>>> print(open('start.cif').read())   # mmCIF, C-alpha atoms and all ligand atoms
data_structure
#
loop_
_atom_site.label_atom_id
_atom_site.label_comp_id
_atom_site.auth_asym_id
_atom_site.auth_seq_id
_atom_site.Cartn_x
_atom_site.Cartn_y
_atom_site.Cartn_z
CA MET Q 1079 101.96 107.59 70.72
CA SER Q 1080 100.73 109.59 67.74
CA LEU Q 1081 101.84 113.16 67.20
CA LEU Q 1082 98.39 114.41 68.21
CA ASP Q 1083 98.41 112.34 71.41
CA ARG Q 1084 101.88 113.60 72.25
CA ALA Q 1085 100.77 117.19 71.72
CA VAL Q 1086 97.70 116.64 73.91
CA SER Q 1087 99.88 115.11 76.66
CA LEU Q 1088 102.24 118.07 76.58
CA LEU Q 1089 99.50 120.68 76.57
CA LEU Q 1090 97.10 119.23 79.15
CA PRO Q 1091 98.96 120.55 82.23
CA ALA Q 1092 98.46 124.06 80.81
CA VAL Q 1093 94.67 123.70 80.77
CA PRO Q 1094 93.08 125.56 83.71
CA LYS Q 1095 91.71 123.24 86.41
CA PRO Q 1096 88.03 124.31 86.04
CA ILE Q 1097 88.11 123.25 82.38
CA VAL Q 1098 89.79 119.91 83.21
CA ARG Q 1099 87.16 119.43 85.92
CA HIS Q 1100 84.31 120.05 83.50
CA PHE Q 1101 85.56 117.54 80.94
CA SER Q 1102 86.56 114.91 83.50
CA SER Q 1103 83.34 114.96 85.52
CA ARG Q 1104 82.09 111.89 83.61
CA TYR Q 1105 85.00 109.85 85.01
CA ILE Q 1106 84.54 110.78 88.68
CA ALA Q 1107 81.50 110.30 90.93
CA GLY Q 1108 82.08 113.61 92.74
CA PRO Q 1109 83.96 115.02 95.72
CA ALA Q 1110 81.99 113.29 98.54
CA VAL Q 1111 81.33 109.72 99.63
CA GLU Q 1112 77.59 110.39 99.11
CA ASP Q 1113 78.33 111.02 95.43
CA ALA Q 1114 80.04 107.62 95.24
CA PHE Q 1115 77.10 105.81 96.85
CA ARG Q 1116 74.64 107.55 94.52
CA VAL Q 1117 76.62 106.21 91.53
CA VAL Q 1118 76.90 102.73 93.09
CA ARG Q 1119 73.10 102.58 93.48
CA GLU Q 1120 72.59 103.70 89.87
CA LEU Q 1121 75.00 101.02 88.68
CA ARG Q 1122 73.26 98.45 90.84
CA ARG Q 1123 69.93 99.28 89.19
CA ASP Q 1124 71.61 98.54 85.84
CA GLY Q 1125 72.90 95.20 87.16
CA ALA Q 1126 76.55 96.26 87.58
CA MET Q 1127 78.79 95.99 90.65
CA ALA Q 1128 81.27 98.67 91.73
CA THR Q 1129 84.70 99.11 93.25
CA LEU Q 1130 85.30 102.39 95.08
CA ASP Q 1131 88.54 104.36 94.94
CA ILE Q 1132 89.26 107.41 97.09
CA LEU Q 1133 91.27 109.75 94.88
CA GLY Q 1134 94.68 110.84 96.14
CA GLU Q 1135 98.13 109.29 95.64
CA PHE Q 1136 101.83 110.07 96.10
CA ILE Q 1137 101.39 111.57 99.56
CA GLY Q 1138 104.14 113.38 101.44
CA SER Q 1139 103.94 112.29 105.11
CA PRO Q 1140 103.14 109.32 107.38
CA GLN Q 1141 100.28 111.40 108.81
CA GLU Q 1142 98.64 111.58 105.37
CA ALA Q 1143 99.10 107.82 104.97
CA GLU Q 1144 97.40 107.35 108.35
CA MET Q 1145 94.50 109.65 107.34
CA ASN Q 1146 94.03 107.77 104.07
CA THR Q 1147 94.03 104.40 105.86
CA ALA Q 1148 91.40 105.67 108.29
CA ALA Q 1149 89.32 107.03 105.38
CA TYR Q 1150 89.41 103.63 103.65
CA GLU Q 1151 88.44 101.83 106.87
CA GLU Q 1152 85.53 104.24 107.25
CA LEU Q 1153 84.56 103.54 103.63
CA ALA Q 1154 84.48 99.78 104.33
CA ARG Q 1155 82.17 100.43 107.31
CA ARG Q 1156 79.92 102.69 105.21
CA ILE Q 1157 79.62 100.04 102.47
CA ALA Q 1158 78.50 97.51 105.09
CA ALA Q 1159 76.12 99.99 106.73
CA GLU Q 1160 74.54 100.85 103.36
CA GLY Q 1161 74.00 97.12 102.67
CA LEU Q 1162 76.00 97.28 99.41
CA SER Q 1163 77.89 94.07 100.13
CA GLU Q 1164 79.00 93.34 96.54
CA THR Q 1165 80.76 96.74 96.37
CA ASN Q 1166 84.48 96.43 97.03
CA ILE Q 1167 87.45 98.75 97.45
CA SER Q 1168 90.42 99.73 95.25
CA VAL Q 1169 93.47 101.31 96.84
CA LYS Q 1170 96.79 102.70 95.61
CA LEU Q 1171 99.63 101.78 97.95
CA THR Q 1172 101.35 105.15 97.51
CA ALA Q 1173 98.29 106.61 99.26
CA LEU Q 1174 99.13 104.38 102.25
CA GLY Q 1175 102.82 105.36 102.29
CA LEU Q 1176 104.56 102.91 99.91
CA LEU Q 1177 107.11 105.45 98.69
CA LEU Q 1178 107.72 106.85 102.18
CA GLU Q 1179 108.23 103.62 104.16
CA PRO Q 1180 107.20 100.24 102.76
CA GLU Q 1181 106.88 98.86 106.32
CA LEU Q 1182 104.43 101.60 107.26
CA CYS Q 1183 102.44 100.91 104.11
CA LEU Q 1184 102.34 97.18 104.93
CA GLU Q 1185 101.02 97.95 108.41
CA ASN Q 1186 98.40 100.38 107.04
CA LEU Q 1187 97.15 97.89 104.48
CA ARG Q 1188 97.13 95.12 107.10
CA ARG Q 1189 94.87 97.34 109.24
CA LEU Q 1190 92.55 98.07 106.31
CA LEU Q 1191 92.39 94.38 105.34
CA SER Q 1192 91.63 93.36 108.89
CA THR Q 1193 88.68 95.81 108.95
CA ALA Q 1194 87.53 94.79 105.46
CA GLN Q 1195 87.76 91.07 106.20
CA GLY Q 1196 85.77 91.54 109.42
CA LEU Q 1197 83.02 93.14 107.32
CA GLY Q 1198 83.20 90.49 104.57
CA ASN Q 1199 84.65 92.94 102.04
CA PHE Q 1200 87.49 92.70 99.51
CA VAL Q 1201 90.34 95.13 98.74
CA ARG Q 1202 92.03 95.33 95.34
CA ILE Q 1203 95.55 96.82 95.27
CA ASP Q 1204 95.77 99.06 92.18
CA MET Q 1205 99.08 98.94 90.30
CA GLU Q 1206 100.95 102.21 89.84
CA ASP Q 1207 103.99 103.10 87.74
CA SER Q 1208 107.01 100.80 87.44
CA ARG Q 1209 108.83 102.42 90.38
CA CYS Q 1210 106.21 100.75 92.56
CA THR Q 1211 105.84 97.30 90.96
CA ASP Q 1212 108.29 95.27 93.08
CA ALA Q 1213 107.28 96.87 96.37
CA THR Q 1214 103.56 96.52 95.57
CA LEU Q 1215 103.92 92.83 94.72
CA ALA Q 1216 105.94 92.24 97.91
CA VAL Q 1217 103.16 93.76 100.04
CA TYR Q 1218 100.54 91.67 98.20
CA ARG Q 1219 102.53 88.45 98.66
CA THR Q 1220 102.87 89.03 102.40
CA LEU Q 1221 99.27 89.97 103.03
CA ARG Q 1222 97.50 87.39 100.88
CA ARG Q 1223 98.86 84.73 103.25
CA GLU Q 1224 97.11 86.52 106.12
CA PHE Q 1225 93.94 87.53 104.22
CA PRO Q 1226 93.63 84.99 101.39
CA ARG Q 1227 90.05 85.81 100.44
CA SER Q 1228 90.13 89.56 101.04
CA VAL Q 1229 92.95 90.93 98.88
CA GLY Q 1230 93.75 91.03 95.17
CA ILE Q 1231 96.35 92.60 92.90
CA VAL Q 1232 96.54 94.25 89.46
CA LEU Q 1233 98.95 93.27 86.68
CA GLN Q 1234 99.60 95.38 83.58
CA SER Q 1235 100.03 93.67 80.20
CA ARG Q 1236 102.13 96.59 78.97
CA LEU Q 1237 105.04 95.45 81.18
CA ARG Q 1238 107.43 92.87 79.75
CA ARG Q 1239 107.67 91.20 83.18
CA THR Q 1240 103.94 90.47 83.49
CA LEU Q 1241 103.86 86.90 82.22
CA ARG Q 1242 106.68 86.02 84.64
CA ASP Q 1243 104.84 87.76 87.52
CA THR Q 1244 101.68 85.87 86.58
CA GLU Q 1245 103.49 82.53 86.75
CA ASP Q 1246 105.19 83.41 90.05
CA LEU Q 1247 101.99 84.62 91.70
CA CYS Q 1248 99.95 81.65 90.51
CA VAL Q 1249 102.06 79.33 92.67
CA GLU Q 1250 99.51 80.23 95.39
CA PRO Q 1251 95.80 81.04 94.94
CA ALA Q 1252 95.57 84.48 93.37
CA ASN Q 1253 92.97 87.11 92.59
CA PHE Q 1254 93.97 89.39 89.73
CA ARG Q 1255 92.74 92.41 87.86
CA LEU Q 1256 94.38 92.37 84.45
CA CYS Q 1257 94.63 95.65 82.51
CA LYS Q 1258 96.87 97.15 79.84
CA GLY Q 1259 98.49 99.65 82.24
CA ILE Q 1260 97.91 103.37 82.18
CA TYR Q 1261 101.44 104.62 82.87
CA LEU Q 1262 103.70 105.25 79.89
CA GLU Q 1263 106.86 103.26 80.60
CA PRO Q 1264 110.24 103.11 78.78
CA ARG Q 1265 110.58 100.59 75.98
CA ALA Q 1266 113.30 98.73 77.92
CA ILE Q 1267 110.67 97.43 80.34
CA ALA Q 1268 107.37 97.81 78.49
CA TYR Q 1269 105.82 97.03 75.14
CA THR Q 1270 105.04 100.18 73.21
CA ASP Q 1271 103.32 98.54 70.23
CA PRO Q 1272 99.54 98.44 70.98
CA GLU Q 1273 99.23 95.06 69.28
CA LEU Q 1274 101.93 93.53 71.50
CA ILE Q 1275 100.23 94.99 74.61
CA ARG Q 1276 97.07 93.19 73.47
CA ARG Q 1277 98.85 89.90 72.82
CA SER Q 1278 100.56 90.09 76.18
CA PHE Q 1279 97.11 90.65 77.78
CA VAL Q 1280 95.70 87.52 76.14
CA LEU Q 1281 98.73 85.43 77.10
CA ALA Q 1282 98.64 86.55 80.74
CA LEU Q 1283 94.88 86.02 80.94
CA GLU Q 1284 95.22 82.52 79.52
CA GLU Q 1285 97.89 81.69 82.12
CA MET Q 1286 95.77 83.10 84.97
CA LEU Q 1287 92.69 81.14 83.93
CA ARG Q 1288 94.67 77.95 83.34
CA LYS Q 1289 96.08 78.19 86.88
CA GLY Q 1290 92.59 78.64 88.35
CA ALA Q 1291 93.00 82.27 89.46
CA TYR Q 1292 90.01 84.61 89.75
CA VAL Q 1293 90.35 87.41 87.17
CA GLY Q 1294 88.84 90.86 86.86
CA ILE Q 1295 89.19 91.45 83.11
CA ALA Q 1296 89.64 95.23 82.98
CA THR Q 1297 89.37 96.61 79.47
CA HIS Q 1298 87.16 98.58 77.08
CA ASP Q 1299 89.01 97.16 74.08
CA GLU Q 1300 86.44 95.07 72.25
CA VAL Q 1301 89.09 92.83 70.69
CA LEU Q 1302 90.25 91.91 74.19
CA VAL Q 1303 86.68 91.42 75.39
CA TRP Q 1304 86.18 89.02 72.47
CA GLU Q 1305 89.45 87.18 73.22
CA SER Q 1306 88.49 86.93 76.90
CA LEU Q 1307 85.10 85.45 76.09
CA ARG Q 1308 86.82 83.00 73.77
CA LEU Q 1309 89.11 81.86 76.62
CA VAL Q 1310 86.22 81.66 79.08
CA ARG Q 1311 84.45 79.39 76.63
CA GLU Q 1312 87.54 77.27 75.94
CA PHE Q 1313 88.16 76.75 79.66
CA GLY Q 1314 84.44 76.14 80.27
CA LEU Q 1315 84.41 78.67 83.14
CA SER Q 1316 81.33 79.42 85.21
CA ARG Q 1317 80.33 83.08 85.84
CA GLU Q 1318 81.75 83.02 89.38
CA ARG Q 1319 85.32 82.50 88.15
CA TYR Q 1320 85.82 85.92 86.53
CA GLU Q 1321 84.24 89.34 85.98
CA PHE Q 1322 84.62 92.17 83.50
CA GLN Q 1323 85.68 95.55 84.82
CA MET Q 1324 85.31 99.01 83.27
CA LEU Q 1325 85.99 102.58 84.28
CA LEU Q 1326 83.20 104.99 85.17
CA GLY Q 1327 82.36 107.18 82.17
CA VAL Q 1328 84.05 104.98 79.55
CA ASP Q 1329 82.11 103.14 76.80
CA GLU Q 1330 78.78 102.67 78.56
CA GLU Q 1331 77.42 101.00 75.44
CA LEU Q 1332 79.93 98.13 75.77
CA ARG Q 1333 79.03 97.93 79.46
CA ARG Q 1334 75.35 97.48 78.56
CA ILE Q 1335 76.20 94.89 75.89
CA LEU Q 1336 78.16 92.77 78.37
CA LEU Q 1337 75.53 93.04 81.10
CA GLY Q 1338 72.82 92.25 78.56
CA ALA Q 1339 74.74 89.10 77.62
CA GLY Q 1340 74.60 87.98 81.26
CA GLN Q 1341 78.23 88.79 82.12
CA ARG Q 1342 79.20 89.97 85.60
CA LEU Q 1343 80.67 93.45 85.40
CA ARG Q 1344 82.19 95.83 87.93
CA VAL Q 1345 82.66 99.57 87.41
CA TYR Q 1346 85.61 101.42 88.94
CA VAL Q 1347 84.14 104.46 90.71
CA PRO Q 1348 86.66 107.08 91.87
CA TYR Q 1349 85.58 109.92 94.11
CA GLY Q 1350 87.11 112.53 96.39
CA GLU Q 1351 88.67 115.95 96.53
CA HIS Q 1352 91.97 114.96 94.84
CA TRP Q 1353 90.50 114.55 91.36
CA TYR Q 1354 93.14 116.32 89.26
CA PRO Q 1355 95.89 113.69 88.53
CA TYR Q 1356 93.26 111.01 87.83
CA SER Q 1357 91.43 113.35 85.45
CA VAL Q 1358 94.58 114.17 83.50
CA ARG Q 1359 95.35 110.44 83.09
CA ARG Q 1360 91.83 109.75 81.77
CA LEU Q 1361 91.92 112.73 79.41
CA ARG Q 1362 95.31 111.66 78.06
CA GLU Q 1363 93.72 108.35 77.13
CA ASN Q 1364 91.05 110.12 75.18
CA PRO Q 1365 92.61 112.73 72.90
CA GLN Q 1366 89.19 113.60 71.47
CA ILE Q 1367 87.83 114.82 74.81
CA ALA Q 1368 91.20 116.25 75.81
CA GLY Q 1369 91.08 118.14 72.49
CA TYR Q 1370 87.71 119.63 73.50
CA ALA Q 1371 89.28 120.76 76.79
CA LEU Q 1372 92.16 122.40 74.95
CA ARG Q 1373 89.84 124.13 72.50
CA ALA Q 1374 87.66 125.35 75.38
CA MET Q 1375 90.78 126.84 76.94
CA PHE Q 1376 91.77 128.65 73.77
CA ARG Q 1377 88.22 129.94 73.33
CA GLY Q 1378 88.38 131.19 76.92
CA ALA Q 1379 85.37 129.08 77.98
P1 LIG Q 1401 92.19 101.12 74.98
O1 LIG Q 1401 92.97 102.19 75.66
O2 LIG Q 1401 92.66 100.64 73.66
O3 LIG Q 1401 90.70 101.61 74.91
C1 LIG Q 1401 89.73 100.88 74.17
C2 LIG Q 1401 88.59 101.83 73.85
O4 LIG Q 1401 88.00 102.27 75.08
C3 LIG Q 1401 89.03 103.12 73.17
O5 LIG Q 1401 89.08 102.97 71.79
C4 LIG Q 1401 87.97 104.09 73.60
O6 LIG Q 1401 86.83 103.93 72.80
C5 LIG Q 1401 87.64 103.63 74.99
N1 LIG Q 1401 88.36 104.42 76.00
C6 LIG Q 1401 89.47 104.04 76.67
N2 LIG Q 1401 89.82 104.99 77.56
C7 LIG Q 1401 88.91 105.99 77.44
C8 LIG Q 1401 88.71 107.24 78.07
N3 LIG Q 1401 89.51 107.68 79.03
N4 LIG Q 1401 87.64 108.00 77.69
C9 LIG Q 1401 86.78 107.56 76.75
N5 LIG Q 1401 86.93 106.40 76.09
C10 LIG Q 1401 87.98 105.63 76.42
N6 LIG Q 1401 95.78 100.90 84.91
C11 LIG Q 1401 96.85 100.76 85.73
O7 LIG Q 1401 97.98 101.04 85.32
N7 LIG Q 1401 96.69 100.35 87.03
C12 LIG Q 1401 95.48 100.03 87.52
O8 LIG Q 1401 95.38 99.63 88.70
C13 LIG Q 1401 94.35 100.14 86.68
N8 LIG Q 1401 93.10 99.85 87.11
C14 LIG Q 1401 92.05 99.80 86.22
C15 LIG Q 1401 90.80 99.38 86.64
C16 LIG Q 1401 89.76 99.23 85.71
C17 LIG Q 1401 88.42 98.72 86.19
C18 LIG Q 1401 89.99 99.53 84.34
C19 LIG Q 1401 88.93 99.33 83.32
C20 LIG Q 1401 91.21 100.03 83.95
C21 LIG Q 1401 92.24 100.18 84.87
N9 LIG Q 1401 93.48 100.69 84.49
C22 LIG Q 1401 94.54 100.59 85.36
C23 LIG Q 1401 93.62 101.40 83.20
C24 LIG Q 1401 94.05 100.47 82.09
O9 LIG Q 1401 95.37 100.07 82.32
C25 LIG Q 1401 93.97 101.16 80.73
O10 LIG Q 1401 94.77 102.30 80.72
C26 LIG Q 1401 92.55 101.57 80.33
O11 LIG Q 1401 91.62 100.61 80.72
C27 LIG Q 1401 92.47 101.72 78.80
O12 LIG Q 1401 92.82 100.51 78.18
P2 LIG Q 1401 91.77 99.59 77.39
O13 LIG Q 1401 92.13 98.17 77.66
O14 LIG Q 1401 90.40 99.98 77.74
O15 LIG Q 1401 92.12 99.80 75.89
#
>>> encode(input="start.cif", output="structure tokens")
Amino acid sequence: MSLLDRAVSLLLPAVPKPIVRHFSSRYIAGPAVEDAFRVVRELRRDGAMATLDILGEFIGSPQEAEMNTAAYEELARRIAAEGLSETNISVKLTALGLLLEPELCLENLRRLLSTAQGLGNFVRIDMEDSRCTDATLAVYRTLRREFPRSVGIVLQSRLRRTLRDTEDLCVEPANFRLCKGIYLEPRAIAYTDPELIRRSFVLALEEMLRKGAYVGIATHDEVLVWESLRLVREFGLSRERYEFQMLLGVDEELRRILLGAGQRLRVYVPYGEHWYPYSVRRLRENPQIAGYALRAMFRGA
């Protein structure tokens, strides 16, 4: 992390929430489910698919986990009712109780998957920080046996363990999203050199494709997009075997380039009242915009 990035990371929590909200509004559909569906329809007009995420993680009680599960089930029903069948769902297991009681989380996700499968939908389990990796993979392993076509997982190329996890998970049919990983992890378990994170991404992707897994290639890094297209070509893959994935509000030009080239592309659309932690993570990734937020604070805007 550069000195500037480190300074931005340290200072962001001091920025008043209204300023963070202003600068992060490009990354979030809005507070309500209607906002999310408006964005999904806009994306659809541009030829892109979407995955919907209800913001809110690291909850404090089983009751909150229950409320979140019910909210996700309702979302699956709304997607079906709106006729947006290619739109799927992304969920963080801490929102369903992973750090409270893994068994409760497993039951909550089982319930959500049962609803989603009944409606022909698909649920992607987001990957959180390294405290959650083992427990998240254990839940995925259990439930993909019960819902083989309705659940997928995320792996992060930043983690040193990822190639091993890829090999282990590919023993059975798997559906991955591969990304670099947003959480800053200690060097003992994660690559810190950006070039190594990239090389680890390419290696894991190659292994996934070789083993016949479906992959959501989640990146805005054009070098990785190029490497991915190279692998797709080498393996002679048809369009149905993979998709590109990008975050709402990030590099819309690259999104248009990929769609224009006939690639399938899905945009991650977060929405909901609990927008703050997500916003801070996105702003940390973009020191330029985070810098605007800090300057706005000092100017008293
Ligand atoms: P990189 O960070 O190098 O960015 C490449 C370029 O993209 C930058 O140069 C910049 O131009 C642009 N860019 C990136 N971030 C930006 C921002 N916030 N604002 C403006 N421009 C920006 N992580 C995780 O740990 N668990 C998860 O489950 C997921 N899920 C997920 C889903 C999807 C669909 C995507 C695209 C990403 C994730 N991530 C994630 C986040 C991911 O791990 C990673 O942090 C970001 O995608 C940024 O990494 P890039 O590969 O885009 O490269």
>>> closest_residue(input="start.cif", among="Q:Glu1151, Q:Arg1104, Q:Thr1220, Q:Arg1373", to="Ala1092 of chain Q", atoms="all atoms listed in the file")
Q:Arg1373
>>> atom_distance(input="start.cif", atom1="atom CA of Ala1296 of chain Q", atom2="atom C18 of ligand LIG 1401 (chain Q)")
4.5 Å
>>> closest_residue(input="start.cif", among="Q:Phe1254, Q:Gln1234, Q:Arg1123, Q:His1298", to="Tyr1320 of chain Q", atoms="all atoms listed in the file")
Q:Phe1254
>>> closest_residue(input="start.cif", among="Q:Ser1208, Q:Leu1153, Q:Ser1228, Q:Asn1253", to="Arg1188 of chain Q", atoms="only C-alpha atoms")
Q:Ser1228
>>> axis_aligned_box(input="start.cif", around="ligand LIG 1401 (chain Q)", padding_each_side="5 Å", output="AutoDock Vina command-line options")
--center_x 92.4 --center_y 103.1 --center_z 80.2 --size_x 21.2 --size_y 19.8 --size_z 26.9
>>> closest_atom_pairs(input="start.cif", of="chain Q", to="ligand LIG 1401 (chain Q)", cutoff="7 Å", atoms="all atoms listed in the file", output="JSON lines")
{"residue": "Q:Asp1204", "atom": "CA", "partner": "Q:LIG1401", "partner_atom": "O8", "distance": 3.5}
{"residue": "Q:Met1205", "atom": "CA", "partner": "Q:LIG1401", "partner_atom": "O8", "distance": 4.1}
{"residue": "Q:Glu1206", "atom": "CA", "partner": "Q:LIG1401", "partner_atom": "N7", "distance": 5.4}
{"residue": "Q:Asp1207", "atom": "CA", "partner": "Q:LIG1401", "partner_atom": "O7", "distance": 6.8}
{"residue": "Q:Val1232", "atom": "CA", "partner": "Q:LIG1401", "partner_atom": "O8", "distance": 5.6}
{"residue": "Q:Gln1234", "atom": "CA", "partner": "Q:LIG1401", "partner_atom": "O7", "distance": 6.1}
{"residue": "Q:Cys1257", "atom": "CA", "partner": "Q:LIG1401", "partner_atom": "O9", "distance": 4.5}
{"residue": "Q:Lys1258", "atom": "CA", "partner": "Q:LIG1401", "partner_atom": "O9", "distance": 4.1}
{"residue": "Q:Gly1259", "atom": "CA", "partner": "Q:LIG1401", "partner_atom": "O9", "distance": 3.1}
{"residue": "Q:Ile1260", "atom": "CA", "partner": "Q:LIG1401", "partner_atom": "O10", "distance": 3.6}
{"residue": "Q:Tyr1261", "atom": "CA", "partner": "Q:LIG1401", "partner_atom": "O7", "distance": 5.5}
{"residue": "Q:Ala1296", "atom": "CA", "partner": "Q:LIG1401", "partner_atom": "C19", "distance": 4.2}
{"residue": "Q:Thr1297", "atom": "CA", "partner": "Q:LIG1401", "partner_atom": "O13", "distance": 3.7}
{"residue": "Q:His1298", "atom": "CA", "partner": "Q:LIG1401", "partner_atom": "O14", "distance": 3.6}
{"residue": "Q:Asp1299", "atom": "CA", "partner": "Q:LIG1401", "partner_atom": "C1", "distance": 3.8}
{"residue": "Q:Glu1300", "atom": "CA", "partner": "Q:LIG1401", "partner_atom": "C1", "distance": 6.9}
{"residue": "Q:Gln1323", "atom": "CA", "partner": "Q:LIG1401", "partner_atom": "C17", "distance": 4.4}
{"residue": "Q:Met1324", "atom": "CA", "partner": "Q:LIG1401", "partner_atom": "C19", "distance": 3.6}
{"residue": "Q:Leu1325", "atom": "CA", "partner": "Q:LIG1401", "partner_atom": "C19", "distance": 4.5}
{"residue": "Q:Gly1327", "atom": "CA", "partner": "Q:LIG1401", "partner_atom": "N4", "distance": 7.0}
{"residue": "Q:Val1328", "atom": "CA", "partner": "Q:LIG1401", "partner_atom": "C9", "distance": 4.7}
{"residue": "Q:Asp1329", "atom": "CA", "partner": "Q:LIG1401", "partner_atom": "C5", "distance": 5.8}
{"residue": "Q:Val1345", "atom": "CA", "partner": "Q:LIG1401", "partner_atom": "C17", "distance": 5.9}
{"residue": "Q:Tyr1346", "atom": "CA", "partner": "Q:LIG1401", "partner_atom": "C17", "distance": 4.8}
{"residue": "Q:Arg1360", "atom": "CA", "partner": "Q:LIG1401", "partner_atom": "N3", "distance": 4.1}
{"residue": "Q:Leu1361", "atom": "CA", "partner": "Q:LIG1401", "partner_atom": "N3", "distance": 5.6}
{"residue": "Q:Glu1363", "atom": "CA", "partner": "Q:LIG1401", "partner_atom": "N3", "distance": 4.7}
{"residue": "Q:Asn1364", "atom": "CA", "partner": "Q:LIG1401", "partner_atom": "C8", "distance": 4.7}
>>> residues_around(input="start.cif", residues="segment 1192-1202 of chain Q", least_positions_apart="4", cutoff="9 Å", atoms="all atoms listed in the file", output="list in words")
Thr1129, Glu1151, Ala1154, Arg1155, Ile1157, Ala1158, Ser1163, Glu1164, Thr1165, Asn1166, Ile1167, Ser1168, Val1169, Lys1170, Leu1187, Arg1188, Phe1225, Arg1227, Ser1228, Val1229, Gly1230, Ile1231, Val1232, Asn1253, Phe1254 and Arg1255 of chain Q
>>> atom_distance(input="start.cif", atom1="atom CA of Gly1134 of chain Q", atom2="atom CA of His1352 of chain Q")
5.1 Å
>>> closest_residue(input="start.cif", among="Q:Thr1270, Q:Ser1306, Q:Asn1186, Q:Gln1341", to="Ala1149 of chain Q", atoms="all atoms listed in the file")
Q:Asn1186
>>> atom_distance(input="start.cif", atom1="atom CA of Leu1309 of chain Q", atom2="atom CA of Val1293 of chain Q")
12.0 Å
>>> closest_residue(input="start.cif", among="Q:Leu1256, Q:Leu1215, Q:Leu1287, Q:Val1301", to="Gly1314 of chain Q", atoms="all atoms listed in the file")
Q:Leu1287
>>> build_atoms(input="start.cif", residues="segment 1183-1187 of chain Q", atoms="all heavy atoms", output="mmCIF file, in the coordinates of the input")
data_model
loop_
_atom_site.group_PDB
_atom_site.id
_atom_site.type_symbol
_atom_site.label_atom_id
_atom_site.label_comp_id
_atom_site.auth_asym_id
_atom_site.auth_seq_id
_atom_site.Cartn_x
_atom_site.Cartn_y
_atom_site.Cartn_z
ATOM 1 N N CYS Q 1183 103.497 101.219 105.072
ATOM 2 C CA CYS Q 1183 102.440 100.910 104.110
ATOM 3 C C CYS Q 1183 101.873 99.512 104.383
ATOM 4 O O CYS Q 1183 100.650 99.301 104.375
ATOM 5 C CB CYS Q 1183 103.011 101.007 102.704
ATOM 6 S SG CYS Q 1183 101.873 100.477 101.452
ATOM 7 N N LEU Q 1184 102.772 98.557 104.643
ATOM 8 C CA LEU Q 1184 102.340 97.180 104.930
ATOM 9 C C LEU Q 1184 101.420 97.171 106.155
ATOM 10 O O LEU Q 1184 100.357 96.538 106.140
ATOM 11 C CB LEU Q 1184 103.573 96.309 105.182
ATOM 12 C CG LEU Q 1184 103.316 94.842 105.452
ATOM 13 C CD1 LEU Q 1184 102.955 94.119 104.165
ATOM 14 C CD2 LEU Q 1184 104.555 94.175 106.074
ATOM 15 N N GLU Q 1185 101.830 97.905 107.187
ATOM 16 C CA GLU Q 1185 101.020 97.950 108.410
ATOM 17 C C GLU Q 1185 99.654 98.597 108.140
ATOM 18 O O GLU Q 1185 98.615 98.141 108.621
ATOM 19 C CB GLU Q 1185 101.737 98.757 109.509
ATOM 20 C CG GLU Q 1185 102.756 97.948 110.265
ATOM 21 C CD GLU Q 1185 102.238 96.561 110.639
ATOM 22 O OE1 GLU Q 1185 101.118 96.467 111.183
ATOM 23 O OE2 GLU Q 1185 102.930 95.568 110.343
ATOM 24 N N ASN Q 1186 99.660 99.689 107.348
ATOM 25 C CA ASN Q 1186 98.400 100.380 107.040
ATOM 26 C C ASN Q 1186 97.453 99.468 106.262
ATOM 27 O O ASN Q 1186 96.261 99.393 106.553
ATOM 28 C CB ASN Q 1186 98.670 101.653 106.232
ATOM 29 C CG ASN Q 1186 99.228 102.772 107.095
ATOM 30 O OD1 ASN Q 1186 99.039 102.764 108.323
ATOM 31 N ND2 ASN Q 1186 99.903 103.726 106.493
ATOM 32 N N LEU Q 1187 98.021 98.760 105.273
ATOM 33 C CA LEU Q 1187 97.150 97.890 104.480
ATOM 34 C C LEU Q 1187 96.667 96.701 105.338
ATOM 35 O O LEU Q 1187 95.516 96.276 105.215
ATOM 36 C CB LEU Q 1187 97.870 97.387 103.219
ATOM 37 C CG LEU Q 1187 96.970 96.578 102.277
ATOM 38 C CD1 LEU Q 1187 95.799 97.415 101.756
ATOM 39 C CD2 LEU Q 1187 97.755 96.025 101.097
#
